[in-house]
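Engineer: Enclosed is the structure file final38.txt (compact mmCIF, C-alpha atoms).
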```txt
# COMPACT_ATOMS: atom_id res chain seq x y z
CA MET A 1 18.32 3.29 -24.81
CA ARG A 2 14.62 2.77 -24.47
CA SER A 3 13.72 1.44 -21.03
CA LEU A 4 11.81 -1.78 -20.66
CA LEU A 5 8.33 -1.72 -19.20
CA ARG A 6 7.07 -4.60 -17.07
CA VAL A 7 3.44 -5.05 -16.09
CA ALA A 8 2.05 -7.62 -13.64
CA LEU A 9 -1.54 -8.30 -12.61
CA ILE A 10 -1.85 -8.83 -8.86
CA GLY A 11 -4.32 -9.28 -6.01
CA LEU A 12 -7.49 -10.39 -7.77
CA ALA A 13 -10.71 -10.42 -5.75
CA ALA A 14 -14.45 -10.04 -6.26
CA THR A 15 -16.31 -7.63 -4.02
CA VAL A 16 -19.42 -5.52 -3.57
CA ILE A 17 -18.98 -1.74 -3.24
CA PRO A 18 -22.08 0.48 -2.86
CA SER A 19 -21.01 3.32 -5.13
CA GLY A 20 -18.03 4.48 -7.18
CA LEU A 21 -15.23 2.39 -8.59
CA CYS A 22 -12.06 4.06 -7.36
CA HIS A 23 -11.60 3.13 -3.74
CA ALA A 24 -11.57 5.88 -1.11
CA GLU A 25 -8.41 6.00 0.96
CA PHE A 26 -8.74 6.81 4.64
CA ASP A 27 -6.27 7.16 7.49
CA ILE A 28 -5.74 5.26 10.73
CA CYS A 29 -3.51 7.06 13.24
CA HIS A 30 -1.35 5.37 15.88
CA SER A 31 0.38 6.83 18.89
CA PRO A 32 4.19 6.74 18.78
CA LEU A 33 4.14 6.22 22.57
CA THR A 34 3.65 2.49 22.01
CA PHE A 35 6.90 2.04 20.06
CA ASN A 36 9.22 -0.56 21.60
CA GLU A 37 12.99 -0.58 21.31
CA ALA A 38 14.44 -3.76 19.84
CA ASP A 39 17.97 -2.82 20.84
CA PRO A 40 19.35 -2.41 24.39
CA ALA A 41 21.49 0.53 23.24
CA LEU A 42 18.35 2.58 22.53
CA THR A 43 16.32 4.58 25.00
CA ILE A 44 12.76 5.72 24.26
CA THR A 45 11.23 8.52 26.33
CA ALA A 46 7.96 10.45 25.98
CA TYR A 47 8.54 13.89 24.54
CA GLY A 48 6.68 17.12 23.87
CA VAL A 49 3.57 18.82 25.17
CA GLN A 50 1.18 16.16 26.47
CA TYR A 51 3.71 13.57 25.25
CA GLN A 52 2.77 13.63 21.59
CA ALA A 53 6.09 12.18 20.41
CA ILE A 54 8.91 9.92 21.50
CA LYS A 55 12.59 10.78 21.79
CA VAL A 56 14.94 7.99 20.78
CA THR A 57 18.59 8.20 21.81
CA SER A 58 21.47 5.77 21.49
CA THR A 59 24.21 5.21 24.06
CA SER A 60 26.80 4.68 21.31
CA PRO A 61 27.22 5.26 17.57
CA ALA A 62 25.73 2.33 15.68
CA THR A 63 23.69 1.46 12.61
CA ASN A 64 20.61 -0.69 12.12
CA ARG A 65 18.99 0.16 15.45
CA LEU A 66 15.34 -0.98 15.43
CA ILE A 67 12.14 0.24 17.07
CA SER A 68 8.79 -1.41 16.41
CA LEU A 69 5.09 -0.63 16.72
CA GLY A 70 2.15 -3.04 16.58
CA LEU A 71 -0.62 -1.79 14.29
CA VAL A 72 -4.31 -2.32 14.96
CA LEU A 73 -6.01 -2.44 11.55
CA PRO A 74 -9.35 -3.76 10.25
CA ASP A 75 -9.28 -7.09 8.41
CA ASP A 76 -11.08 -5.75 5.31
CA VAL A 77 -8.48 -3.21 4.17
CA VAL A 78 -5.26 -3.04 2.20
CA ILE A 79 -2.39 -0.75 3.18
CA ASP A 80 -1.66 1.97 0.62
CA GLY A 81 1.01 3.86 2.55
CA VAL A 82 2.66 4.75 5.85
CA SER A 83 3.43 8.33 6.95
CA VAL A 84 6.00 9.03 9.64
CA CYS A 85 6.53 12.48 11.14
CA TYR A 86 10.05 12.81 12.54
CA GLU A 87 12.74 15.26 13.62
CA ILE A 88 16.49 14.73 13.76
CA SER A 89 19.03 16.86 15.58
CA ASN A 90 21.98 16.15 13.30
CA ASN A 91 22.23 14.67 9.82
CA GLN A 92 24.72 12.13 11.14
CA ASN A 93 21.74 10.45 12.79
CA TYR A 94 18.82 9.47 10.61
CA VAL A 95 15.95 7.12 9.76
CA SER A 96 17.23 4.55 7.26
CA GLY A 97 14.37 2.12 6.81
CA ILE A 98 10.62 1.57 7.10
CA ARG A 99 9.31 -2.01 7.12
CA LEU A 100 5.91 -3.64 7.49
CA THR A 101 5.68 -7.29 8.47
CA SER A 102 2.82 -9.68 9.12
CA MET A 103 3.19 -12.41 11.72
CA THR A 104 0.89 -15.40 11.36
CA THR A 105 2.72 -17.90 13.60
CA PRO A 106 5.19 -17.40 16.49
CA ASN A 107 8.66 -16.35 15.33
CA SER A 108 7.59 -16.41 11.69
CA PHE A 109 6.79 -13.30 9.68
CA VAL A 110 6.24 -12.17 6.11
CA VAL A 111 7.68 -8.88 4.83
CA LEU A 112 4.85 -6.84 3.31
CA HIS A 113 6.83 -3.68 2.58
CA ASP A 114 10.49 -2.70 2.86
CA ASP A 115 11.52 0.90 2.15
CA PRO A 116 15.27 1.59 2.52
CA SER A 117 14.66 5.26 3.24
CA LEU A 118 17.41 7.76 3.98
CA LEU A 119 15.72 10.51 5.99
CA THR A 120 18.62 12.81 6.86
CA ASP A 121 17.19 16.36 6.70
CA VAL A 122 17.67 18.18 9.99
CA GLY A 123 14.46 19.51 11.52
CA ALA A 124 10.85 18.38 11.52
CA HIS A 125 9.42 16.57 8.49
CA CYS A 126 6.70 14.10 7.49
CA TYR A 127 7.53 11.32 5.03
CA ARG A 128 5.09 9.05 3.23
CA SER A 129 6.22 5.61 2.13
CA ASP A 130 3.84 4.27 -0.53
CA VAL A 131 3.11 0.61 0.06
CA GLY A 132 0.90 -0.09 -2.95
CA GLY A 133 -1.82 -2.29 -1.51
CA ALA A 134 -0.36 -4.76 1.01
CA VAL A 135 -3.14 -7.03 2.23
CA VAL A 136 -3.73 -6.96 5.98
CA SER A 137 -3.16 -10.47 7.33
CA GLY A 138 -2.37 -11.48 10.89
CA THR A 139 -0.60 -9.09 13.26
CA ILE A 140 0.95 -6.13 11.44
CA THR A 141 4.17 -4.60 12.78
CA LEU A 142 5.80 -1.34 11.69
CA THR A 143 9.57 -1.28 12.22
CA LEU A 144 11.79 1.78 11.83
CA GLU A 145 15.53 1.42 11.33
CA LEU A 146 17.58 4.18 12.95
CA ASP A 147 21.26 4.95 12.35
CA TYR A 148 23.39 6.86 14.86
CA TYR A 149 26.85 8.14 14.02
CA GLN A 150 26.94 10.40 17.09
CA SER A 151 26.10 9.27 20.60
CA ASN A 152 23.57 11.19 22.69
CA ALA A 153 22.01 12.77 19.60
CA TYR A 154 18.28 12.23 19.24
CA ILE A 155 15.64 11.24 16.72
CA LEU A 156 12.07 12.30 17.47
CA ILE A 157 9.16 10.23 16.12
CA GLY A 158 5.75 11.92 16.07
CA ALA A 159 2.50 11.08 14.31
CA ILE A 160 2.24 7.67 12.62
CA THR A 161 -0.47 7.38 9.97
CA ILE A 162 -1.44 4.23 8.08
CA HIS A 163 -3.23 4.99 4.80
CA VAL A 164 -5.66 2.18 3.95
CA SER A 165 -8.44 1.43 1.48
CA GLN A 166 -11.44 -0.88 1.59
CA VAL A 167 -11.21 -2.57 -1.79
CA GLY A 168 -12.16 -6.13 -0.82
CA SER A 169 -14.79 -8.02 1.08
CA SER A 170 -14.34 -10.79 3.60
CA MET A 171 -14.09 -14.39 2.42
CA GLU A 172 -17.55 -15.11 3.84
CA GLU A 173 -19.06 -12.26 1.82
CA ARG A 174 -17.37 -13.40 -1.37
CA GLU A 175 -18.50 -16.98 -0.92
CA GLY A 176 -22.05 -15.77 -0.28
CA ASN A 177 -22.30 -13.77 -3.52
CA ASP A 178 -24.58 -15.08 -6.27
CA THR A 179 -22.27 -16.83 -8.71
CA HIS A 180 -24.59 -15.86 -11.58
CA ASP A 181 -23.55 -12.22 -11.12
CA ARG A 182 -19.87 -12.92 -10.58
CA ILE A 183 -17.06 -11.13 -12.45
CA LEU A 184 -13.72 -12.91 -12.77
CA LEU A 185 -10.47 -11.15 -13.68
CA VAL A 186 -7.94 -13.21 -15.59
CA PRO A 187 -4.23 -12.46 -15.01
CA ASN A 188 -2.00 -11.91 -18.01
CA ARG A 189 0.19 -14.94 -18.75
CA PRO A 190 2.96 -14.35 -19.39
CA ASN A 191 3.15 -10.87 -17.99
CA PRO A 192 3.93 -8.50 -20.91
CA SER A 193 7.35 -6.88 -21.09
CA GLY A 194 6.04 -3.73 -22.75
CA ALA A 195 2.96 -1.63 -23.41
CA PRO A 196 0.11 -2.08 -24.17
CA THR A 197 -1.27 -4.60 -21.71
CA GLU A 198 -4.48 -6.61 -22.01
CA ILE A 199 -6.88 -6.99 -19.09
CA GLY A 200 -8.98 -10.14 -19.30
CA TYR A 201 -12.28 -10.66 -17.48
CA ARG A 202 -15.19 -13.07 -17.58
CA LEU A 203 -18.84 -12.08 -17.14
CA GLU A 204 -21.47 -14.56 -15.96
CA ARG A 205 -24.28 -12.51 -17.52
CA SER A 206 -24.72 -9.70 -20.06
CA GLY A 207 -25.25 -6.08 -19.05
CA PRO A 208 -23.65 -2.63 -18.70
CA VAL A 209 -19.97 -2.76 -17.70
CA GLU A 210 -17.48 -0.14 -16.50
CA LEU A 211 -13.71 -0.63 -16.41
CA GLN A 212 -11.57 1.97 -14.66
CA ILE A 213 -7.92 2.33 -13.64
CA CYS A 214 -7.18 4.14 -10.36
CA ASP A 215 -3.97 5.06 -8.53
CA VAL A 216 -3.07 4.00 -4.98
CA GLY A 217 -4.73 7.16 -3.63
CA GLY A 218 -8.07 6.20 -5.16
CA ARG A 219 -7.93 8.84 -7.91
CA LEU A 220 -9.28 7.98 -11.35
CA VAL A 221 -6.45 7.54 -13.87
CA ARG A 222 -8.24 6.10 -16.89
CA SER A 223 -11.83 5.27 -17.77
CA LEU A 224 -11.02 2.35 -20.02
CA PHE A 225 -14.45 1.05 -21.06
CA THR A 226 -18.13 1.88 -20.55
CA GLY A 227 -20.84 0.00 -22.41
CA GLU A 228 -22.92 -3.16 -22.86
CA LEU A 229 -21.20 -6.54 -22.98
CA SER A 230 -22.48 -10.07 -23.38
CA ALA A 231 -21.77 -12.95 -21.00
CA GLY A 232 -18.44 -14.65 -21.59
CA ASP A 233 -14.77 -13.74 -21.88
CA HIS A 234 -13.65 -10.21 -22.75
CA ARG A 235 -10.40 -8.28 -23.03
CA SER A 236 -9.66 -4.59 -22.82
CA VAL A 237 -6.33 -3.00 -23.75
CA TRP A 238 -4.69 -0.36 -21.55
CA ASP A 239 -1.89 1.60 -23.21
CA LEU A 240 -0.58 2.74 -19.79
CA ARG A 241 -1.80 6.29 -20.38
CA ASP A 242 -4.21 8.38 -18.36
CA ASP A 243 -7.38 10.04 -19.64
CA GLY A 244 -5.27 12.99 -20.78
CA GLY A 245 -3.06 10.81 -22.99
CA ARG A 246 -0.04 11.05 -20.68
CA SER A 247 2.09 8.01 -19.85
CA VAL A 248 1.57 6.94 -16.24
CA PRO A 249 4.63 6.79 -13.97
CA SER A 250 5.94 3.62 -12.38
CA GLY A 251 3.86 2.34 -9.49
CA THR A 252 0.86 0.26 -8.50
CA TYR A 253 -2.55 0.89 -10.02
CA TYR A 254 -5.91 -0.67 -9.25
CA LEU A 255 -8.34 -1.85 -11.90
CA PHE A 256 -12.06 -2.12 -11.28
CA VAL A 257 -14.61 -3.94 -13.43
CA ARG A 258 -18.22 -3.24 -12.40
CA MET A 259 -21.51 -4.69 -13.52
CA GLY A 260 -24.40 -3.41 -11.39
CA ASP A 261 -23.44 -3.80 -7.74
CA GLN A 262 -20.76 -6.40 -8.50
CA ILE A 263 -17.13 -5.29 -8.74
CA ALA A 264 -13.96 -7.26 -9.43
CA THR A 265 -10.71 -5.61 -8.37
CA GLY A 266 -7.10 -6.25 -9.25
CA GLY A 267 -3.74 -4.52 -9.30
CA VAL A 268 -1.41 -3.54 -12.11
CA VAL A 269 2.25 -2.92 -11.27
CA VAL A 270 4.02 -0.69 -13.80
CA VAL A 271 7.82 -0.54 -13.74
CA ARG A 272 9.62 1.59 -16.30
```
Starting from the file, lay out its structure as structure tokens.
Structural biologist:
Amino acid sequence: MRSLLRVALIGLAATVIPSGLCHAEFDICHSPLTFNEADPALTITAYGVQYQAIKVTSTSPATNRLISLGLVLPDDVVIDGVSVCYEISNNQNYVSGIRLTSMTTPNSFVVLHDDPSLLTDVGAHCYRSDVGGAVVSGTITLTLELDYYQSNAYILIGAITIHVSQVGSSMEEREGNDTHDRILLVPNRPNPSGAPTEIGYRLERSGPVELQICDVGGRLVRSLFTGELSAGDHRSVWDLRDDGGRSVPSGTYYLFVRMGDQIATGGVVVVR
């Protein structure tokens, strides 16, 4: 049976980017030494040469044990992914979840990303959980869910890396932009249930325009349009293929419409 394809346009914003359309991803590293246990059965101790990791043990077999880490991130970024380096001593004890939440008021949080991972391979590994562009808002917390089926076994947590991109400007910058140069993206309504999908955008003036599709890592997927356009409403069709004619896999993709130094950005979620 042919699978359905759903496409949604998300996260629209106008911004100014000096050069290039596809955003450049960069990394922000956090020390695992600042993890806190959210369960009295867990014990966290510094581990390794110069304490470059933490060792988490449980006094009894139990599931859904939580440790959390506050993340210091700039306000003008979106989160593309989270990488966790870990080591487990026995595959009966493992990492079973990675969650990002944003707290804006006391005792109230919004889930930005929830990955029900099952990291059971014995030994040292690094795992990346692709987030797909969660907007940084308020205090960001990374929570790991740990499962223990043997007491006194350990799980080591090492380097924590947050992969982010600067694809938007602050609200003050957006409000200060000249509205005569503004580009507006128009979300598809209703969202199409199959390929191709139309991307609508409005230009306040005529001029040369570029439209590109990029993946969450900032790599160019498809150069969809390059040429002169008049002021007004326009639509471009993306057949969900890359520049090589191959169908893109499920995931989040960013679209960029540029005219001069003005860029409008949005997101396309493809689910096959």
Engineer: Measuring between all atoms listed in the file, which one of A:Glu145, A:Asp130, A:Glu198, A:Glu210 shows the shortest distance to Thr161 (chain A)?
Structural biologist: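 Answer, going by the shortest atom-to-atom distance: A:Asp130.
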Engineer: Using all atoms listed in the file, find the one residue out of A:Val131, A:Leu229, A:Val56, A:Leu112 that sits nearest to Tyr94 (chain A).
Structural biologist: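 Of the candidates, the smallest distance to Tyr94 (chain A) is held by A:Val56.
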Engineer: Using all atoms listed in the file, find the one residue out of A:Pro32, A:Gly227, A:Gly138, A:Gly244 that sits nearest to Leu211 (chain A).
Structural biologist: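 Distance minimum relative to Leu211 (chain A) lands on A:Gly227.
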Engineer: Nearest to Arg235 (chain A) among A:Arg202, A:His30, A:Arg219, A:His125, with distances taken over all atoms listed in the file: which residue is it?
Structural biologist: A:Arg202
Engineer: Report, in Å to a single decimal, how far apart CA of Leu33 (chain A) and CA of Ala46 (chain A) are.
Structural biologist: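 Calculated distance between CA of Ala46 (chain A) and CA of Leu33 (chain A) is 6.6 Å.
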Engineer: Which one of A:Ala264, A:Val110, A:Leu144, A:Ile183 sits closest to Ile157 (chain A) if you count only C-alpha atoms?
Structural biologist: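 Answer, going by the shortest atom-to-atom distance: A:Leu144.
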Engineer: Can you work out which one of A:Tyr254, A:Tyr154, A:Tyr201, A:Trp238 has the shortest atom-to-atom distance to Leu42 (chain A), counting all atoms listed in the file?
Structural biologist: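 Closest to Leu42 (chain A) of all the choices is A:Tyr154.
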Engineer: Just the number, please: distance in Å from CA of Thr101 (chain A) to CA of Tyr127 (chain A), one decimal.
Structural biologist: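 Taking CA of Thr101 (chain A) as the start and CA of Tyr127 (chain A) as the end point, the length is 19.0 Å.
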Engineer: Would you work out the distance separating CA of Pro208 (chain A) from CA of Asp242 (chain A), expressed in Å to one decimal?
Structural biologist: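 For CA of Pro208 (chain A) relative to CA of Asp242 (chain A), the distance reads 22.3 Å.
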Engineer: Just want the 9 Å neighbourhood of Thr143 (chain A), counted on all atoms listed in the file, with same-chain residues fewer than 2 positions away dropped. Output as a count of residues only.
Structural biologist: 13
Engineer: Identify, on the basis of all atoms listed in the file, every residue whose closest approach to Ser236 (chain A) does not exceed 12 Å; exclude the query and any residue fewer than 4 positions from it along the same chain; express the result as a list of chain:residue names.
Structural biologist: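 Those residues are A:Leu185, A:Val186, A:Asn188, A:Pro196, A:Thr197, A:Glu198, A:Ile199, A:Gly200, A:Tyr201, A:Arg202, A:Val209, A:Glu210, A:Leu211, A:Gln212, A:Ile213, A:Ser223, A:Leu224, A:Phe225, A:Thr226, A:Leu229, A:Leu255, A:Val257.
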Engineer: Taking all atoms of region 59-71 of chain A that the file lists and extending 6 Å past them on each side, where is the centre of the axis-aligned box and how long are its edges? Answer in Å to one decimal, as JSON.
Structural biologist:
```
{"center_x": 13.3, "center_y": 1.1, "center_z": 18.1, "size_x": 39.8, "size_y": 20.3, "size_z": 23.9}
```
Engineer: Residues proximal to (14.5, 13.3, 19.0) were defined as those with any atom within 8 Å of that point in the file's coordinates, counting all atoms listed in the file. Which are they, as a VMD selection string?
Structural biologist: chain A and resid 54 to 57 86 to 89 153 to 157
Engineer: Reconstruct N, CA and C atoms of region 243-257 of chain A; output as a PDB file, keeping the file's coordinate frame.
Structural biologist:
```pdb
ATOM      1  N   ASP A 243      -6.329   9.510 -18.779  1.00  0.00           N
ATOM      2  CA  ASP A 243      -7.380  10.040 -19.640  1.00  0.00           C
ATOM      3  C   ASP A 243      -6.921  11.241 -20.447  1.00  0.00           C
ATOM      4  N   GLY A 244      -5.814  11.861 -20.030  1.00  0.00           N
ATOM      5  CA  GLY A 244      -5.270  12.990 -20.780  1.00  0.00           C
ATOM      6  C   GLY A 244      -4.251  12.599 -21.828  1.00  0.00           C
ATOM      7  N   GLY A 245      -4.023  11.284 -21.986  1.00  0.00           N
ATOM      8  CA  GLY A 245      -3.060  10.810 -22.990  1.00  0.00           C
ATOM      9  C   GLY A 245      -1.629  10.783 -22.497  1.00  0.00           C
ATOM     10  N   ARG A 246      -1.399  11.042 -21.214  1.00  0.00           N
ATOM     11  CA  ARG A 246      -0.040  11.050 -20.680  1.00  0.00           C
ATOM     12  C   ARG A 246       0.354   9.666 -20.166  1.00  0.00           C
ATOM     13  N   SER A 247       1.600   9.281 -20.369  1.00  0.00           N
ATOM     14  CA  SER A 247       2.090   8.010 -19.850  1.00  0.00           C
ATOM     15  C   SER A 247       2.093   8.042 -18.330  1.00  0.00           C
ATOM     16  N   VAL A 248       1.608   6.977 -17.693  1.00  0.00           N
ATOM     17  CA  VAL A 248       1.570   6.940 -16.240  1.00  0.00           C
ATOM     18  C   VAL A 248       2.964   6.602 -15.708  1.00  0.00           C
ATOM     19  N   PRO A 249       3.328   7.127 -14.541  1.00  0.00           N
ATOM     20  CA  PRO A 249       4.630   6.790 -13.970  1.00  0.00           C
ATOM     21  C   PRO A 249       4.637   5.389 -13.377  1.00  0.00           C
ATOM     22  N   SER A 250       5.814   4.921 -13.034  1.00  0.00           N
ATOM     23  CA  SER A 250       5.940   3.620 -12.380  1.00  0.00           C
ATOM     24  C   SER A 250       5.147   3.616 -11.086  1.00  0.00           C
ATOM     25  N   GLY A 251       4.616   2.456 -10.730  1.00  0.00           N
ATOM     26  CA  GLY A 251       3.860   2.340  -9.490  1.00  0.00           C
ATOM     27  C   GLY A 251       2.782   1.279  -9.587  1.00  0.00           C
ATOM     28  N   THR A 252       1.958   1.212  -8.547  1.00  0.00           N
ATOM     29  CA  THR A 252       0.860   0.260  -8.500  1.00  0.00           C
ATOM     30  C   THR A 252      -0.445   0.962  -8.822  1.00  0.00           C
ATOM     31  N   TYR A 253      -1.246   0.343  -9.643  1.00  0.00           N
ATOM     32  CA  TYR A 253      -2.550   0.890 -10.020  1.00  0.00           C
ATOM     33  C   TYR A 253      -3.603  -0.194  -9.805  1.00  0.00           C
ATOM     34  N   TYR A 254      -4.811   0.256  -9.455  1.00  0.00           N
ATOM     35  CA  TYR A 254      -5.910  -0.670  -9.250  1.00  0.00           C
ATOM     36  C   TYR A 254      -6.846  -0.634 -10.445  1.00  0.00           C
ATOM     37  N   LEU A 255      -7.341  -1.795 -10.841  1.00  0.00           N
ATOM     38  CA  LEU A 255      -8.340  -1.850 -11.900  1.00  0.00           C
ATOM     39  C   LEU A 255      -9.643  -2.362 -11.316  1.00  0.00           C
ATOM     40  N   PHE A 256     -10.739  -1.794 -11.782  1.00  0.00           N
ATOM     41  CA  PHE A 256     -12.060  -2.120 -11.280  1.00  0.00           C
ATOM     42  C   PHE A 256     -12.984  -2.417 -12.457  1.00  0.00           C
ATOM     43  N   VAL A 257     -13.596  -3.583 -12.441  1.00  0.00           N
ATOM     44  CA  VAL A 257     -14.610  -3.940 -13.430  1.00  0.00           C
ATOM     45  C   VAL A 257     -15.941  -4.050 -12.689  1.00  0.00           C
TER      46      VAL A 257
END
```
